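Chemist: One structure, pasted below without further comment.
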Amino acid sequence: MLDLLSRRRSGHSRRISSWDVTGRNRDSWVVEPGETRSLADIPGAGVIRHIWFTIGSEDRLYLRKAVLRMYWDGMERPSVECPVGDFFGVGHGRVGSFSCAVLNMSANPGNDQNAGMNCYFPMPFADGARITLENQGETCIRSLYCCFDYDALPSVGDDELRFHAWWNRENPCIPAAGPDTQDARANLSDAENYLLVEASGAGHFVGAHLSIHNLCGGWWGEGDDMFMVDGQKWPPDLHGTGTEDWYGQAWGSQPQNAFLYNGVSYHQGNHNDYNERITVYRYHVCDPVIFHESLRVSIEHGHANDRADDYSSVAYWYQTLPHAPFPPLPPVAARLPRANVRIQPVDLPLRPDRPVSGSGFDPSYS
């Protein structure tokens with residue numbers, strides 16, 4: 001990448017930001033409850049190179065209530081649809097300090113609500129880019145600060161794919177049976193796995209982060225990742241060896257480590273204990289996963305899907321347009337951090353009936 005810095009570039013560097021056009025220091029925008037604010041509406045062709053956000057809100061759950069959307073080339077449906085906090089690499093309705101190749105956050109110690117948030121995924125477009133933020137909360141966002149740095153170009157190449165990101169949640173994941181204490185259970189399908197992304201078209205997958213609220217106690221890993229490229233088959237085209245292996249760690253998880261392409265962006269609680277909250281990531285910057293017709297990426301929730309933890313994620317990929325419609329974004333209540341649990345594993349549900357008790361927002365987690 002450093003070699004490219006000396007290459008002569010075409011186009012013109014441009015920026016859209018929330019700066020105070022009066023020349024004073026009120027460099028932010030207000031987003032009222034229920035309002036969808038247009039943040040950037042760029043004509044023509046270009047590539048977004050960098051996005052910076054910081055948000056001030058009295059609502060401590062704004063990171064899950066505010067929805068970021070991005071549209072390319074006049075498409076009516078978004079190619080990006082995510083709660084704003086999750087988009088920048090941390091789940092659980094919180095912020096933290098971490099840095100990797102494509103995303104980072106910078107927060108003061110002890111502040112889990114406010115941070116500088118940066119994205120460096122390149123986002124090309126041939127005929128316009130539109131970016132919005134919808135405030136689905138009941139409280140006004142008093143200060144939205146943002147910058148979009150981009151190259152304005154005469155055109156982009158026909159081989160330039162469009163950036164996509166999608167948020168998902170399973171709260172909780174429903175196990176097929178109880179804990180696999182004897183390592184006797186086999187899983188020869190991805191049908192009951194947690195879904196990271198399902199896409200149709202041609203492109204390449206560039207990674208995901210996964211946020212886990214530990215509802216069962218003990219070690220939540222050992223779930224294999226599976227990539228079904230251009231159709232369902234068994235074995236998958238890529239098959240992993242365990243959750244911590246997927247994000248580049250081993251022998252359990254090392255929560256303090258955030259590296260260029262893999263690691264942990266957020267951790268709260270006691271490792272391997274009830275109500276631990278952690279966000280882990282694996283970005284395929286050096287090794288994107290190529291697909292020509294379709295892609296399905298999933299991961300087991302525990303070995304052979306034997307655990308019932310709260311999983312949420314954002315997957316990132318590039319592909320041709322138009323993309324398949326995303327499933328409807330869950331309503332605000334279904335996106336909020338769930339309560340701290342006071343249950344034992346014997347109380348957890350088996351597929352397919354009742355949900356785990358204690359769902360919803362816990363005031364102690366505010």
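To be explicit about the labels: the chains of the structure tokens are called A, B, and onward in the order shown, and within each one the residues are counted from 1, while ligands get numbers from 1 in the order they are shown.
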As a PyMOL selection string, please: the residues near stretch 272-287 of chain A (cut-off 8 Å, only C-alpha atoms, same-chain neighbours under 4 positions excluded).

Modeler: chain A and resi 89-92+205-220+246-248+255+261-268+340-341

Chemist: Can you list, as a list in words, every protein, DNA or RNA residue that comes within 8 Å of A:Tyr194 when you count only C-alpha atoms, leaving out same-chain residues fewer than 2 positions away?

Modeler: Glu170, Cys173, Glu192, Leu196, Ser298, Ile299, Glu300, His301 and Tyr311 of chain A

Chemist: I need the residues in stretch 47-249 of chain A that are strand (DSSP E or B) according to DSSP; give them as a CSV table (one decimal) with C-alpha atoms, in the first residue's frame.

Modeler:
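Output file selection26.csv follows:
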```csv
chain,number,residue,atom,x,y,z
A,47,VAL,CA,-14.4,6.9,-4.6
A,48,ILE,CA,-15.1,7.7,-0.9
A,49,ARG,CA,-11.8,7.2,0.8
A,50,HIS,CA,-12.5,8.0,4.5
A,51,ILE,CA,-15.5,8.6,6.7
A,52,TRP,CA,-15.3,10.1,10.2
A,53,PHE,CA,-18.1,10.4,12.7
A,54,THR,CA,-18.7,11.5,16.3
A,55,ILE,CA,-22.1,11.9,17.8
A,56,GLY,CA,-23.4,13.5,21.0
A,57,SER,CA,-26.8,12.4,22.3
A,66,ALA,CA,-29.5,5.6,14.6
A,67,VAL,CA,-29.3,3.8,11.3
A,68,LEU,CA,-26.6,4.5,8.6
A,69,ARG,CA,-27.5,3.8,5.0
A,70,MET,CA,-25.6,4.2,1.8
A,71,TYR,CA,-26.8,4.1,-1.8
A,72,TRP,CA,-24.8,3.9,-5.0
A,80,VAL,CA,-25.3,-0.4,3.5
A,81,GLU,CA,-27.9,-0.6,6.3
A,82,CYS,CA,-26.5,-0.8,9.8
A,83,PRO,CA,-26.9,0.7,13.3
A,98,PHE,CA,-9.3,0.0,18.9
A,99,SER,CA,-7.6,0.2,15.5
A,103,LEU,CA,-12.0,0.7,11.0
A,104,ASN,CA,-11.1,2.3,14.3
A,105,MET,CA,-12.6,4.1,17.3
A,106,SER,CA,-10.9,6.5,19.7
A,116,GLY,CA,-14.2,9.3,17.1
A,117,MET,CA,-15.2,6.7,14.5
A,118,ASN,CA,-13.3,6.1,11.3
A,119,CYS,CA,-13.8,3.9,8.2
A,123,MET,CA,-16.4,3.0,-1.8
A,124,PRO,CA,-16.5,3.6,-5.6
A,125,PHE,CA,-19.5,4.8,-7.4
A,129,ALA,CA,-23.5,8.4,-3.9
A,130,ARG,CA,-26.0,9.1,-1.2
A,131,ILE,CA,-25.5,8.6,2.5
A,132,THR,CA,-28.2,9.2,5.2
A,133,LEU,CA,-28.6,8.8,9.0
A,134,GLU,CA,-32.1,8.0,10.4
A,135,ASN,CA,-32.7,8.8,14.1
A,141,ILE,CA,-29.4,13.8,18.4
A,142,ARG,CA,-28.0,17.2,19.3
A,143,SER,CA,-24.7,17.0,17.6
A,144,LEU,CA,-23.7,14.9,14.6
A,145,TYR,CA,-20.2,15.6,13.4
A,146,CYS,CA,-19.1,14.0,10.2
A,147,CYS,CA,-16.6,14.1,7.3
A,148,PHE,CA,-16.6,12.3,4.0
A,149,ASP,CA,-13.3,12.5,2.1
A,150,TYR,CA,-13.5,11.4,-1.6
A,151,ASP,CA,-11.9,11.5,-5.0
A,152,ALA,CA,-14.1,13.1,-7.7
A,153,LEU,CA,-13.3,11.2,-10.9
A,162,ARG,CA,-19.8,-1.6,-4.9
A,163,PHE,CA,-19.3,-1.6,-1.2
A,164,HIS,CA,-21.9,-3.4,1.0
A,165,ALA,CA,-22.5,-3.8,4.7
A,166,TRP,CA,-25.3,-5.6,6.5
A,167,TRP,CA,-26.2,-5.9,10.2
A,168,ASN,CA,-27.7,-9.1,11.6
A,169,ARG,CA,-28.7,-10.5,15.0
A,170,GLU,CA,-30.0,-13.7,16.5
A,194,TYR,CA,-25.5,-18.0,12.7
A,195,LEU,CA,-25.7,-16.2,9.4
A,196,LEU,CA,-23.1,-13.5,8.7
A,197,VAL,CA,-24.1,-12.7,5.1
A,198,GLU,CA,-26.0,-14.2,2.1
A,199,ALA,CA,-25.5,-12.4,-1.2
A,200,SER,CA,-26.2,-13.0,-4.8
A,203,GLY,CA,-17.9,-10.0,-5.9
A,204,HIS,CA,-15.7,-10.7,-2.9
A,205,PHE,CA,-16.2,-10.9,0.8
A,206,VAL,CA,-13.9,-8.7,2.9
A,207,GLY,CA,-14.8,-9.6,6.4
A,208,ALA,CA,-17.1,-9.2,9.4
A,209,HIS,CA,-17.2,-8.5,13.1
A,210,LEU,CA,-19.2,-10.6,15.6
A,211,SER,CA,-20.6,-9.3,18.9
A,212,ILE,CA,-21.4,-12.0,21.5
A,213,HIS,CA,-23.3,-11.5,24.8
A,225,ASP,CA,-17.0,-20.7,10.1
A,226,MET,CA,-18.3,-22.0,6.8
A,227,PHE,CA,-18.3,-20.3,3.3
A,228,MET,CA,-20.7,-21.6,0.7
A,229,VAL,CA,-19.4,-20.1,-2.6
A,238,LEU,CA,-13.9,-22.9,3.1
A,239,HIS,CA,-14.4,-24.6,6.5
```

Chemist: Would you give me, as a ChimeraX atom specification, the residues in stretch 7-109 of chain A that DSSP reads as alpha helix (DSSP H)?

Modeler: /A:62-65,84-87

Chemist: Could you check how far atom CA of A:Ser97 sits from atom CA of A:Phe259, in Å to one decimal?

Modeler: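 Separation of atom CA of A:Ser97 and atom CA of A:Phe259: 12.3 Å.
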
Chemist: If you measure from atom CA of A:Arg60 to atom CA of A:Gln113, what distance in Å do you get, rounded to one decimal?

Modeler: 6.7 Å

Chemist: Kindly give the distance, in Å, that separates atom CA of A:Gly231 and atom CA of A:Ser294, rounded to a single decimal.

Modeler: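 Those two atoms sit 6.4 Å apart.
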
Chemist: For A:Ser79, which residue out of A:Asn187, A:Ala339, A:Asn108, A:Trp317 is the nearest one, using only C-alpha atoms?

Modeler: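 Using only C-alpha atoms, A:Ser79 sits closest to A:Trp317.
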